$ cat run-v4.txt   # compact mmCIF, C-alpha atoms
# COMPACT_ATOMS: atom_id res chain seq x y z
CA MET A 9 71.80 93.73 176.52
CA LEU A 10 75.25 92.61 175.50
CA LYS A 11 75.26 95.25 172.76
CA ARG A 12 74.41 97.96 175.30
CA LEU A 13 77.15 96.77 177.62
CA LEU A 14 79.69 96.85 174.78
CA PHE A 15 78.55 100.31 173.75
CA GLY A 16 78.88 101.48 177.33
CA LEU A 17 82.38 100.05 177.61
CA ALA A 18 83.41 101.69 174.33
CA ALA A 19 82.08 105.06 175.52
CA LEU A 20 83.98 104.65 178.80
CA ALA A 21 87.19 103.87 176.88
CA VAL A 22 86.74 107.04 174.79
CA LEU A 23 86.19 109.11 177.95
CA ILE A 24 89.30 107.69 179.59
CA THR A 25 91.36 108.41 176.46
CA VAL A 26 90.07 112.00 176.27
CA ALA A 27 90.77 112.55 179.98
CA GLY A 28 94.27 111.13 179.50
CA CYS A 29 94.93 113.56 176.65
CA GLU A 30 93.94 116.52 178.78
CA GLU A 31 96.32 115.57 181.55
CA ALA A 32 99.46 115.23 179.42
CA ARG A 33 99.06 116.01 175.75
CA GLU A 34 101.23 114.10 173.37
CA TRP A 35 102.72 116.58 170.94
CA ARG A 36 102.56 115.71 167.26
CA THR A 37 106.07 117.18 166.99
CA ALA A 38 108.89 116.15 169.38
CA ASP A 39 108.23 116.47 173.12
CA ILE A 40 110.91 118.42 175.02
CA SER A 41 108.95 118.99 178.26
CA ASP A 42 111.19 116.58 180.19
CA ARG A 43 114.34 117.13 178.15
CA LEU A 44 115.06 120.85 178.28
CA PRO A 45 114.94 123.54 181.00
CA PRO A 46 112.48 126.48 181.05
CA LEU A 47 113.18 129.61 179.01
CA ASP A 48 116.01 131.59 180.61
CA PHE A 49 118.38 134.03 178.89
CA THR A 50 119.94 137.47 178.95
CA LEU A 51 120.42 138.90 175.45
CA THR A 52 120.17 142.14 173.42
CA ASP A 53 117.05 142.86 171.34
CA GLU A 54 116.72 144.62 167.95
CA ASN A 55 116.65 148.02 169.67
CA GLY A 56 119.91 147.38 171.52
CA ARG A 57 118.04 146.87 174.80
CA THR A 58 119.12 144.17 177.27
CA VAL A 59 116.25 141.70 177.64
CA ASP A 60 115.56 138.45 179.48
CA GLU A 61 112.84 135.80 179.46
CA SER A 62 110.54 137.92 181.63
CA ASP A 63 110.21 140.41 178.73
CA TYR A 64 108.48 137.65 176.71
CA ALA A 65 106.48 135.99 179.51
CA GLY A 66 102.72 135.51 179.11
CA LYS A 67 102.81 134.31 175.49
CA PRO A 68 104.18 131.11 173.97
CA ALA A 69 107.57 131.55 172.25
CA LEU A 70 109.13 129.79 169.28
CA VAL A 71 112.92 129.99 169.60
CA PHE A 72 115.24 129.43 166.63
CA PHE A 73 119.03 129.76 166.45
CA GLY A 74 120.67 130.94 163.21
CA TYR A 75 122.48 133.84 161.52
CA THR A 76 121.51 136.50 159.00
CA HIS A 77 124.19 135.65 156.38
CA CYS A 78 122.21 132.45 155.95
CA PRO A 79 120.35 132.80 152.64
CA ASP A 80 118.84 129.31 152.35
CA VAL A 81 118.03 127.27 155.48
CA CYS A 82 117.18 130.10 157.94
CA PRO A 83 114.82 131.89 155.50
CA VAL A 84 113.05 128.60 154.76
CA THR A 85 112.43 128.05 158.49
CA LEU A 86 111.39 131.66 159.19
CA ALA A 87 109.08 131.68 156.12
CA ARG A 88 107.52 128.44 157.39
CA LEU A 89 106.91 129.92 160.86
CA ALA A 90 105.39 133.09 159.33
CA SER A 91 103.12 130.99 157.10
CA VAL A 92 102.00 128.71 159.95
CA ILE A 93 101.24 131.68 162.22
CA ARG A 94 99.15 133.26 159.43
CA GLN A 95 97.07 130.06 159.37
CA LEU A 96 96.05 130.47 163.06
CA ASP A 97 92.87 132.28 164.14
CA ALA A 98 93.27 136.07 164.29
CA GLU A 99 93.25 136.22 168.11
CA GLU A 100 95.74 133.35 168.38
CA ARG A 101 98.10 134.86 165.83
CA ASP A 102 99.15 137.78 168.04
CA GLN A 103 99.81 135.41 170.93
CA VAL A 104 102.78 133.63 169.32
CA GLN A 105 106.24 135.15 169.64
CA VAL A 106 109.12 134.17 167.37
CA LEU A 107 112.59 134.75 168.84
CA PHE A 108 115.44 134.42 166.33
CA VAL A 109 118.69 134.12 168.31
CA SER A 110 121.83 134.91 166.30
CA VAL A 111 124.88 132.73 166.87
CA ASP A 112 126.97 135.16 164.77
CA PRO A 113 127.27 138.31 166.93
CA ALA A 114 130.30 139.57 164.96
CA ARG A 115 128.11 140.33 161.93
CA ASP A 116 124.62 140.42 163.44
CA THR A 117 124.13 143.83 165.02
CA PRO A 118 120.67 144.72 166.37
CA GLU A 119 120.05 146.81 163.20
CA VAL A 120 120.95 143.95 160.82
CA LEU A 121 118.79 141.56 162.85
CA GLU A 122 115.81 143.90 162.79
CA ALA A 123 115.94 144.27 158.99
CA TYR A 124 116.37 140.51 158.55
CA THR A 125 113.52 139.39 160.83
CA ASP A 126 111.18 142.11 159.49
CA ALA A 127 111.62 140.65 155.99
CA PHE A 128 109.65 137.63 157.27
CA HIS A 129 107.23 139.14 159.79
CA PRO A 130 107.16 142.60 161.43
CA ARG A 131 106.71 141.07 164.88
CA PHE A 132 109.53 138.51 164.69
CA VAL A 133 112.21 139.42 167.23
CA GLY A 134 115.95 139.14 166.58
CA LEU A 135 118.17 138.62 169.63
CA THR A 136 121.94 138.78 169.89
CA GLY A 137 124.48 139.32 172.64
CA SER A 138 128.07 138.80 173.65
CA LYS A 139 129.63 135.44 172.79
CA GLU A 140 129.35 134.53 176.50
CA GLN A 141 125.66 135.42 176.66
CA ILE A 142 124.92 133.44 173.48
CA ASP A 143 126.94 130.45 174.70
CA ALA A 144 125.03 130.47 177.99
CA VAL A 145 121.79 130.05 175.99
CA THR A 146 123.08 127.52 173.46
CA ASN A 147 124.63 125.39 176.24
CA ARG A 148 121.40 125.50 178.20
CA TYR A 149 119.38 124.22 175.23
CA ARG A 150 122.08 121.88 173.85
CA VAL A 151 122.24 123.89 170.62
CA HIS A 152 125.47 123.47 168.67
CA TYR A 153 127.11 125.89 166.29
CA SER A 154 130.53 126.42 164.71
CA TYR A 155 132.11 128.84 162.26
CA GLY A 156 133.47 127.82 158.86
CA ASP A 157 136.77 129.09 157.43
CA LYS A 158 136.80 132.65 156.13
CA ASP A 159 137.20 133.09 152.35
CA ALA A 160 139.30 135.83 150.67
CA ASP A 161 136.54 138.38 151.36
CA GLY A 162 136.21 137.39 155.02
CA ASP A 163 132.86 135.64 154.35
CA TYR A 164 132.10 132.49 156.29
CA ALA A 165 129.26 130.06 156.86
CA VAL A 166 127.98 129.05 160.30
CA THR A 167 126.91 125.48 161.01
CA HIS A 168 124.00 125.49 163.45
CA SER A 169 121.18 123.38 164.93
CA SER A 170 118.17 123.84 162.69
CA ALA A 171 115.30 122.90 165.03
CA VAL A 172 112.73 125.32 166.46
CA MET A 173 111.87 124.98 170.18
CA ALA A 174 108.49 125.96 171.57
CA PHE A 175 107.95 127.22 175.12
CA GLY A 176 104.62 127.84 176.87
CA ARG A 177 103.26 131.05 178.42
CA ASP A 178 105.34 130.61 181.58
CA GLY A 179 108.47 129.65 179.66
CA GLU A 180 107.92 125.93 180.22
CA PRO A 181 109.53 123.73 177.53
CA ALA A 182 106.90 122.12 175.28
CA PHE A 183 107.93 120.79 171.86
CA LEU A 184 110.60 120.91 169.18
CA THR A 185 109.78 121.10 165.47
CA ARG A 186 111.82 120.59 162.31
CA ASP A 187 111.03 121.70 158.76
CA THR A 188 110.23 118.06 157.97
CA ASP A 189 107.18 118.23 160.29
CA SER A 190 103.93 119.03 158.46
CA ASP A 191 102.28 122.44 158.83
CA ALA A 192 99.21 120.63 160.20
CA ALA A 193 101.23 119.01 163.02
CA LEU A 194 102.83 122.33 164.01
CA ILE A 195 99.48 124.17 163.86
CA ASP A 196 97.84 121.51 166.08
CA ASP A 197 100.65 121.77 168.62
CA LEU A 198 100.65 125.58 168.58
CA GLU A 199 96.88 125.66 169.11
CA ALA A 200 97.25 123.27 172.06
CA LEU A 201 100.05 125.44 173.49
CA LEU A 202 97.82 128.53 173.15
CA LYS A 203 94.92 126.98 175.11
CA MET B 186 103.66 152.96 98.01
CA PRO B 187 102.73 150.56 100.81
CA ALA B 188 103.39 147.60 98.46
CA LEU B 189 106.91 148.84 97.69
CA SER B 190 107.64 149.40 101.33
CA PHE B 191 106.62 145.81 102.11
CA THR B 192 108.92 144.47 99.36
CA HIS B 193 111.74 146.49 100.89
CA ARG B 194 111.12 145.02 104.28
CA LEU B 195 110.75 141.44 103.13
CA PRO B 196 114.45 140.48 103.34
CA THR B 197 114.65 142.02 106.84
CA LEU B 198 111.56 140.12 107.93
CA LEU B 199 112.93 136.86 106.56
CA LEU B 200 116.23 137.43 108.35
CA GLY B 201 114.33 138.15 111.56
CA VAL B 202 112.34 134.92 111.29
CA LEU B 203 115.54 132.94 110.65
CA LEU B 204 117.28 134.52 113.66
CA LEU B 205 114.28 133.79 115.88
CA ALA B 206 114.26 130.17 114.77
CA ALA B 207 117.99 129.84 115.47
CA GLY B 208 117.58 131.53 118.85
CA SER B 209 114.79 129.24 120.02
CA ALA B 210 116.69 126.16 118.84
CA ALA B 211 119.70 127.16 120.98
CA ALA B 212 117.52 127.98 124.02
CA ALA B 213 115.75 124.67 123.78
CA GLU B 214 119.02 122.78 124.10
CA LEU B 215 119.79 124.35 127.47
CA GLU B 216 117.30 126.36 129.45
CA ALA B 217 116.59 127.54 132.99
CA THR B 218 113.04 127.85 134.28
CA ASP B 219 111.35 129.13 137.48
CA ALA B 220 114.32 131.35 138.27
CA LYS B 221 113.80 133.26 141.53
CA LEU B 222 116.02 135.29 143.81
CA ARG B 223 114.93 135.61 147.43
CA LEU B 224 116.02 139.10 148.33
CA LEU B 225 117.25 139.81 151.86
CA PRO B 226 117.67 143.37 153.18
CA GLY B 227 120.82 145.48 153.03
CA ASP B 228 123.99 143.67 152.06
CA LEU B 229 122.83 140.27 153.30
CA PRO B 230 123.29 137.47 150.76
CA GLY B 231 120.20 136.14 148.98
CA ALA B 232 119.56 132.72 147.50
CA GLY B 233 118.73 131.97 143.85
CA TYR B 234 116.68 128.96 142.78
CA PHE B 235 115.90 127.58 139.30
CA THR B 236 115.66 124.40 137.28
CA LEU B 237 118.30 123.75 134.62
CA HIS B 238 117.10 121.61 131.72
CA ASN B 239 119.65 119.90 129.49
CA ASN B 240 117.75 119.03 126.33
CA GLY B 241 120.94 118.44 124.32
CA ASP B 242 122.76 115.17 123.71
CA ALA B 243 125.90 115.92 125.75
CA PRO B 244 126.33 116.43 129.51
CA VAL B 245 126.78 120.01 130.72
CA ALA B 246 128.70 121.26 133.75
CA LEU B 247 127.48 124.44 135.45
CA THR B 248 130.58 126.02 136.97
CA GLY B 249 129.41 129.40 138.20
CA ALA B 250 127.24 132.45 137.75
CA ALA B 251 127.63 136.20 137.42
CA SER B 252 125.35 139.21 137.60
CA GLU B 253 125.84 142.96 137.23
CA ALA B 254 123.69 143.44 140.33
CA PHE B 255 126.05 141.44 142.59
CA ASP B 256 129.84 141.47 142.77
CA LYS B 257 130.02 137.88 143.96
CA VAL B 258 127.80 134.92 143.03
CA MET B 259 128.63 131.41 144.25
CA LEU B 260 127.29 127.91 143.76
CA HIS B 261 126.33 126.62 147.20
CA VAL B 262 124.69 123.61 148.75
CA SER B 263 122.98 123.31 152.13
CA THR B 264 123.29 120.03 153.96
CA GLU B 265 121.73 118.71 157.12
CA GLU B 266 123.21 116.03 159.32
CA ASP B 267 122.18 115.07 162.87
CA GLY B 268 119.99 118.16 163.11
CA MET B 269 122.83 120.51 162.12
CA ALA B 270 122.44 122.77 159.08
CA ASP B 271 125.62 123.45 157.09
CA MET B 272 126.40 125.24 153.84
CA HIS B 273 129.40 125.05 151.55
CA ALA B 274 130.60 126.05 148.08
CA VAL B 275 130.30 123.69 145.12
CA ASP B 276 132.75 123.65 142.16
CA ALA B 277 130.35 122.38 139.50
CA VAL B 278 126.97 120.76 138.96
CA GLU B 279 126.69 118.25 136.09
CA VAL B 280 123.44 117.69 134.25
CA ALA B 281 123.17 114.64 131.98
CA PRO B 282 121.51 114.80 128.54
CA ASP B 283 117.70 114.81 128.70
CA ASP B 284 117.89 115.51 132.39
CA ALA B 285 117.15 118.45 134.66
CA PHE B 286 118.61 119.67 137.95
CA THR B 287 116.71 121.85 140.39
CA PHE B 288 118.32 124.39 142.67
CA ALA B 289 115.80 124.44 145.54
CA PRO B 290 115.49 125.53 149.18
CA ARG B 291 117.54 123.38 151.63
CA GLY B 292 119.65 122.11 148.75
CA HIS B 293 121.68 123.66 145.94
CA HIS B 294 121.34 127.42 145.54
CA LEU B 295 123.11 130.38 144.02
CA MET B 296 124.41 132.65 146.76
CA PHE B 297 124.13 136.28 145.58
CA MET B 298 126.56 138.41 147.59
CA GLN B 299 127.87 142.00 147.65
CA ARG B 300 124.89 143.67 146.05
CA SER B 301 125.90 146.56 143.79
CA ALA B 302 122.46 147.62 142.50
CA ASP B 303 119.24 148.73 144.19
CA LEU B 304 116.77 145.88 144.06
CA ALA B 305 113.24 145.46 145.34
CA VAL B 306 110.72 142.62 145.40
CA GLY B 307 109.02 142.58 141.99
CA ASP B 308 112.18 143.53 140.05
CA SER B 309 114.00 141.14 137.79
CA VAL B 310 117.74 140.50 137.60
CA ALA B 311 119.83 139.32 134.64
CA VAL B 312 122.14 136.44 135.55
CA GLU B 313 124.66 134.62 133.37
CA LEU B 314 125.00 130.94 134.16
CA GLU B 315 128.54 129.80 133.30
CA PHE B 316 129.41 126.38 131.90
CA GLN B 317 132.48 124.33 131.12
CA HIS B 318 133.23 124.26 127.34
CA ARG B 319 130.08 126.18 126.49
CA ASP B 320 128.78 129.75 126.19
CA PRO B 321 127.05 131.27 129.21
CA LEU B 322 123.28 131.14 129.41
CA SER B 323 121.42 134.38 130.16
CA VAL B 324 118.59 133.88 132.64
CA THR B 325 116.17 136.42 134.12
CA PHE B 326 115.56 135.89 137.85
CA ASP B 327 112.39 137.27 139.46
CA VAL B 328 113.17 139.08 142.71
CA VAL B 329 110.85 137.68 145.40
CA SER B 330 110.30 138.08 149.14
CA PRO B 331 112.21 135.66 151.40
CA ALA B 332 108.89 135.03 153.17
CA GLU B 333 107.62 133.29 150.02
CA ARG B 334 107.53 129.51 150.43

$ encode --input "run-v4.txt" --output "structure tokens"
Amino acid sequence: MLKRLLFGLAALAVLITVAGCEEAREWRTADISDRLPPLDFTLTDENGRTVDESDYAGKPALVFFGYTHCPDVCPVTLARLASVIRQLDAEERDQVQVLFVSVDPARDTPEVLEAYTDAFHPRFVGLTGSKEQIDAVTNRYRVHYSYGDKDADGDYAVTHSSAVMAFGRDGEPAFLTRDTDSDAALIDDLEALLK
Amino acid sequence: MPALSFTHRLPTLLLGVLLLAAGSAAAAELEATDAKLRLLPGDLPGAGYFTLHNNGDAPVALTGAASEAFDKVMLHVSTEEDGMADMHAVDAVEVAPDDAFTFAPRGHHLMFMQRSADLAVGDSVAVELEFQHRDPLSVTFDVVSPAER
């Protein structure tokens, strides 16, 4: 009798936990649902077209800020996103959008951005814009960036926030991931975002 | 006739064997392995990664690199602090005797800039690693996709 009661209580506890999870899922990566505003921007896409968040509505979006003259950190992050997306089920794969926002509009024309993002995945989207348009987005998402000194050839490095932010189908902020998060954690969170 | 021809060749063969032995002894003292260049499109800079093994009994200082396929090659390091990624040039990288140093993603890398030759994934590129007080080391880098992890 006591055993049955204990079993019943344990089952109830499991049910309550499961129900709790469904109401507000705890992301395995960092939760930004209460920390950042919904997706909102006006930028220029790889074809030179002016776009805003409504052009990407309906599918979750992974947003990453960087620059194309970045041979080490940005490729590592973009390669990781491409690899993680390949590990999703076929029907889920096409549902994830990757938006690479350049913080170096002086060098990153739509053409350069298209070639750069295509080197990682043909459907990755490069976005750029005027300095004002880019600053409106970086300020909104508390993303920092700054330019290093130019060398004799005019080359310079750009310091930038390295995290990737994930937004849901309606542009609602969801989670933030860094390259130190495991693939498994990011895949779990992406699958939850796709449900 | 074949016997005579062999006798003729013998000194050349011996010389060849001696040269090979000398060559492998020198390579063993300092060698670079797993050399890869992640190629980016157009004139965008690409990163080079490798492991430098110092099997000699004196420290070595890597001070730079050069390649006929790029007009400018720099030693760089990526750093990350408070969620901000940064990158800057490095003057030299020292490797102690019986030690190795790996140039790897998110850390030290060669920055290959101003490409002067057509390159595609699958090609290989000759690179000279330059050292203080020591002859350069020729290393062949495999050209790979940046999407490779």

$ closest_residue --input "run-v4.txt" --among "B:Ser263, B:Asn239, B:Thr287, B:Thr325" --to "chain A" --atoms "all atoms listed in the file"
B:Ser263

$ interface_residues --input "run-v4.txt" --of "chain A" --to "chain B" --cutoff "7 Å" --atoms "all atoms listed in the file" --output "list in words"
Thr76, His77, Pro79, Asp80, Val81, Pro83, Val84, Ala87, Ala123, Tyr124, Ala127, Phe128, Ala165, Val166, Thr167, His168, Ser169, Ser170 and Ala171 of chain A

$ atom_distance --input "run-v4.txt" --atom1 "CA of Arg94 in chain A" --atom2 "CA of Arg57 in chain A"
27.9 Å

$ closest_residue --input "run-v4.txt" --among "A:Thr50, A:Thr85, A:Ser41, A:Thr188" --to "Ala144 in chain A" --atoms "all atoms listed in the file"
A:Thr50

$ closest_residue --input "run-v4.txt" --among "A:Phe175, A:Tyr64, A:Tyr153, A:Tyr164" --to "Arg115 in chain A" --atoms "all atoms listed in the file"
A:Tyr164

$ atom_distance --input "run-v4.txt" --atom1 "CA of Gln299 in chain B" --atom2 "CA of Ala217 in chain B"
23.5 Å

$ atom_distance --input "run-v4.txt" --atom1 "CA of Gln317 in chain B" --atom2 "CA of Asp161 in chain A"
25.0 Å

$ residues_around --input "run-v4.txt" --residues "range 71-74 of chain A" --least-positions-apart "2" --cutoff "6 Å" --atoms "only C-alpha atoms" --output "list in words"
Leu107, Phe108, Val109, Ser110, Val111, Val172 and Met173 of chain A

$ write_last_selection --input "run-v4.txt" --atoms "C-alpha atoms" --output "PDB file, in the frame of the given file"
ATOM      1  CA  LEU A 107     112.590 134.750 168.840  1.00  0.00           C
ATOM      2  CA  PHE A 108     115.440 134.420 166.330  1.00  0.00           C
ATOM      3  CA  VAL A 109     118.690 134.120 168.310  1.00  0.00           C
ATOM      4  CA  SER A 110     121.830 134.910 166.300  1.00  0.00           C
ATOM      5  CA  VAL A 111     124.880 132.730 166.870  1.00  0.00           C
ATOM      6  CA  VAL A 172     112.730 125.320 166.460  1.00  0.00           C
ATOM      7  CA  MET A 173     111.870 124.980 170.180  1.00  0.00           C
TER       8      MET A 173
END

$ residues_near_point --input "run-v4.txt" --point "(109.5, 124.3, 172.7)" --cutoff "8 Å" --atoms "all atoms listed in the file" --output "PyMOL selection string"
chain A and resi 39-41+69-71+172-176+180-185

$ axis_aligned_box --input "run-v4.txt" --around "range 32-46 of chain A" --padding-each-side "3 Å" --output "AutoDock Vina command-line options"
--center_x 107.1 --center_y 120.3 --center_z 174.0 --size_x 22.0 --size_y 18.4 --size_z 20.1

$ residues_around --input "run-v4.txt" --residues "range 245-254 of chain B" --least-positions-apart "2" --cutoff "8 Å" --atoms "all atoms listed in the file" --output "list in words"
Asn239, Ala243, Asp256, Lys257, Val258, Met259, Leu260, Asp276, Ala277, Val278, Glu279, Val280, Ala281, Pro282, Leu295, Arg300, Ser301, Ala302, Asp303, Val310, Ala311, Val312, Glu313, Leu314, Glu315, Phe316 and Gln317 of chain B

$ closest_residue --input "run-v4.txt" --among "A:Gln105, A:Asp191, A:Thr58, A:Asp53" --to "Thr136 in chain A" --atoms "all atoms listed in the file"
A:Asp53

$ closest_residue --input "run-v4.txt" --among "A:Gly156, A:Gly56, A:Gly134, A:Gly162" --to "Glu122 in chain A" --atoms "all atoms listed in the file"
A:Gly134

$ residues_around --input "run-v4.txt" --residues "Arg177 in chain A" --least-positions-apart "5" --cutoff "9 Å" --atoms "only C-alpha atoms" --output "number ranges by chain"
A: 64-69, 201-202

$ closest_residue --input "run-v4.txt" --among "A:Ile93, A:Thr52, A:Thr117, A:Asp163" --to "Cys78 in chain A" --atoms "only C-alpha atoms"
A:Asp163
